[in-house]
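Engineer: Here you go, one structure.
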Amino acid sequence: ALIKAGAFDVLEPDRARLLASVALGYTYAENLQANANQGGLFDFDDSTHGSSTAEPPLVEVAPWSIKEKLSHEKTAIGYYLSGHLFDQNGEEVRRMVKRRIAELQDSRDPVMVAGIVSDMRVINGNRGRVAIFKLDDKSDAIEAVVNEELLNANKELLAEDELIIASGKVQNDRFSGGL
């Protein structure tokens, strides 16, 4: 659906309404095609006044959450284009976890971090299976490692594109040069 905005036509910004109205759009187009050569008694060659050509309004649905919108983006184009998954709960999480990943330093003491899990893979290590994944809080990303015991206890939480809050030691990574 287009919204008239001065000299420009703007696509409806609410993607939930657009997707919910796709079937309605097909029905409207089929009706226009079926009635293309039909004319009303009072049309006078002006198709903007005929009721058969009036564009139907969009279906009213609740707008998508940030996570829902970004998940549809990732499905459609393979990556997040209009935002970051951390935006969904970022403000609330920052009340509990103040330190951002970009501010982390090598530490012997456990630190609390929050972020979105991505690029997760499970491998067999010297001491059993381990999960290696990136934790991204929009400020930066860090590679995290979880042992088999913790992995088994939190299988449903440690999933791709999920927000987690974790406590762990931050160490220098000798292979990548980062943390």
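Ligands are numbered from 1 in the order shown, residues from 1 within each chain, and chains are lettered A, B, ... in the order they appear in the structure tokens.
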Which residues come within 10 Å of Val170 in chain A, counting only C-alpha atoms, excluding same-chain residues fewer than 4 positions away, as a short mmCIF file (atom, residue, chain, number, x, y, z; two decimals) with N, CA and C atoms, in the first residue's frame?

Structural biologist:
```
data_model
loop_
_atom_site.label_atom_id
_atom_site.label_comp_id
_atom_site.auth_asym_id
_atom_site.auth_seq_id
_atom_site.Cartn_x
_atom_site.Cartn_y
_atom_site.Cartn_z
N LEU A 104 35.39 -4.60 27.86
CA LEU A 104 35.99 -5.72 28.58
C LEU A 104 37.51 -5.70 28.48
N GLN A 105 38.13 -6.17 29.57
CA GLN A 105 39.59 -6.30 29.63
C GLN A 105 39.92 -7.64 30.26
N ASP A 106 41.14 -8.10 30.03
CA ASP A 106 41.60 -9.35 30.61
C ASP A 106 41.43 -9.27 32.13
N SER A 107 40.80 -10.29 32.72
CA SER A 107 40.49 -10.24 34.15
C SER A 107 40.52 -11.64 34.74
N ARG A 108 41.03 -11.74 35.95
CA ARG A 108 41.01 -13.03 36.65
C ARG A 108 39.66 -13.26 37.33
N ASP A 109 38.99 -12.17 37.63
CA ASP A 109 37.69 -12.26 38.29
C ASP A 109 36.59 -12.42 37.26
N PRO A 110 35.54 -13.18 37.59
CA PRO A 110 34.41 -13.31 36.65
C PRO A 110 33.72 -11.97 36.44
N VAL A 111 33.31 -11.72 35.22
CA VAL A 111 32.57 -10.52 34.88
C VAL A 111 31.24 -10.92 34.26
N MET A 112 30.26 -10.05 34.40
CA MET A 112 28.93 -10.29 33.86
C MET A 112 28.82 -9.57 32.52
N ILE A 142 32.48 -10.84 21.16
CA ILE A 142 33.56 -11.59 21.78
C ILE A 142 33.28 -13.07 21.59
N GLU A 143 34.34 -13.86 21.44
CA GLU A 143 34.15 -15.30 21.32
C GLU A 143 34.06 -15.89 22.72
N ALA A 144 33.08 -16.75 22.92
CA ALA A 144 32.85 -17.37 24.23
C ALA A 144 32.91 -18.88 24.08
N LEU A 179 40.12 -10.82 22.74
CA LEU A 179 39.77 -11.40 24.05
C LEU A 179 38.93 -12.63 23.85
#
```

Engineer: Using only C-alpha atoms, determine which residues lie at most 7 Å from Ile116 in chain A, disregarding the query and same-chain residues fewer than 3 positions distant; provide the list as a ChimeraX atom specification.

Structural biologist: /A:85-86,135-137,161-164

Engineer: Using N, CA, C and O atoms, can you export the residues from the last selection as a PDB file, in the first residue's frame?

Structural biologist:
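selection-v9.pdb was written with the following content:
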```pdb
ATOM      1  N   LEU A  85      19.503  -7.341  17.077  1.00  0.00           N
ATOM      2  CA  LEU A  85      18.636  -8.083  17.998  1.00  0.00           C
ATOM      3  C   LEU A  85      18.760  -7.607  19.446  1.00  0.00           C
ATOM      4  O   LEU A  85      17.833  -7.738  20.228  1.00  0.00           O
ATOM      5  N   PHE A  86      19.902  -7.045  19.815  1.00  0.00           N
ATOM      6  CA  PHE A  86      20.093  -6.550  21.186  1.00  0.00           C
ATOM      7  C   PHE A  86      19.150  -5.395  21.496  1.00  0.00           C
ATOM      8  O   PHE A  86      18.829  -5.144  22.655  1.00  0.00           O
ATOM      9  N   LEU A 135      29.374 -13.699  21.174  1.00  0.00           N
ATOM     10  CA  LEU A 135      28.418 -12.979  22.007  1.00  0.00           C
ATOM     11  C   LEU A 135      28.523 -11.515  21.599  1.00  0.00           C
ATOM     12  O   LEU A 135      29.590 -10.914  21.705  1.00  0.00           O
ATOM     13  N   ASP A 136      27.425 -10.948  21.120  1.00  0.00           N
ATOM     14  CA  ASP A 136      27.424  -9.615  20.525  1.00  0.00           C
ATOM     15  C   ASP A 136      26.397  -8.733  21.228  1.00  0.00           C
ATOM     16  O   ASP A 136      25.220  -9.080  21.298  1.00  0.00           O
ATOM     17  N   ASP A 137      26.847  -7.599  21.755  1.00  0.00           N
ATOM     18  CA  ASP A 137      25.925  -6.678  22.429  1.00  0.00           C
ATOM     19  C   ASP A 137      25.776  -5.357  21.681  1.00  0.00           C
ATOM     20  O   ASP A 137      25.387  -4.351  22.246  1.00  0.00           O
ATOM     21  N   ASP A 161      20.817 -16.561  17.902  1.00  0.00           N
ATOM     22  CA  ASP A 161      19.982 -15.358  17.935  1.00  0.00           C
ATOM     23  C   ASP A 161      19.215 -15.170  19.246  1.00  0.00           C
ATOM     24  O   ASP A 161      18.231 -14.443  19.285  1.00  0.00           O
ATOM     25  N   GLU A 162      19.656 -15.799  20.316  1.00  0.00           N
ATOM     26  CA  GLU A 162      19.022 -15.629  21.622  1.00  0.00           C
ATOM     27  C   GLU A 162      19.878 -14.726  22.504  1.00  0.00           C
ATOM     28  O   GLU A 162      21.104 -14.748  22.424  1.00  0.00           O
ATOM     29  N   LEU A 163      19.234 -13.957  23.357  1.00  0.00           N
ATOM     30  CA  LEU A 163      19.908 -13.093  24.316  1.00  0.00           C
ATOM     31  C   LEU A 163      20.276 -13.907  25.547  1.00  0.00           C
ATOM     32  O   LEU A 163      19.436 -14.639  26.078  1.00  0.00           O
ATOM     33  N   ILE A 164      21.523 -13.802  25.997  1.00  0.00           N
ATOM     34  CA  ILE A 164      21.927 -14.450  27.248  1.00  0.00           C
ATOM     35  C   ILE A 164      22.690 -13.454  28.108  1.00  0.00           C
ATOM     36  O   ILE A 164      23.271 -12.488  27.607  1.00  0.00           O
TER      37      ILE A 164
END
```

Engineer: I'd like a table as a Markdown table: residues in range 33-121 of chain A with an atom no more than 10 Å from range 9-29 of chain A, each row giving the shortest atom pair and its distance in Å to one decimal, only C-alpha atoms counted, sorted by chain and rising residue number.

Structural biologist:
```
| residue | atom | partner | partner_atom | distance |
| --- | --- | --- | --- | --- |
| A:Gln33 | CA | A:Ala29 | CA | 6.2 |
| A:Ala34 | CA | A:Ala29 | CA | 8.6 |
| A:Asn35 | CA | A:Ala29 | CA | 9.9 |
| A:Ser52 | CA | A:Tyr28 | CA | 9.2 |
| A:Thr53 | CA | A:Tyr28 | CA | 8.5 |
| A:Ala54 | CA | A:Tyr28 | CA | 9.1 |
| A:Glu55 | CA | A:Tyr28 | CA | 7.4 |
| A:Pro56 | CA | A:Tyr28 | CA | 7.4 |
| A:Pro57 | CA | A:Ser21 | CA | 8.6 |
| A:Leu58 | CA | A:Ser21 | CA | 5.6 |
| A:Val59 | CA | A:Ser21 | CA | 5.4 |
| A:Glu60 | CA | A:Arg17 | CA | 6.2 |
| A:Val61 | CA | A:Arg17 | CA | 5.9 |
| A:Ala62 | CA | A:Ala16 | CA | 7.2 |
| A:Pro63 | CA | A:Ala16 | CA | 5.5 |
| A:Trp64 | CA | A:Ala16 | CA | 5.9 |
| A:Ser65 | CA | A:Ala16 | CA | 9.6 |
| A:Glu68 | CA | A:Ala16 | CA | 9.5 |
| A:Lys69 | CA | A:Arg15 | CA | 7.8 |
| A:His72 | CA | A:Arg15 | CA | 9.7 |
```
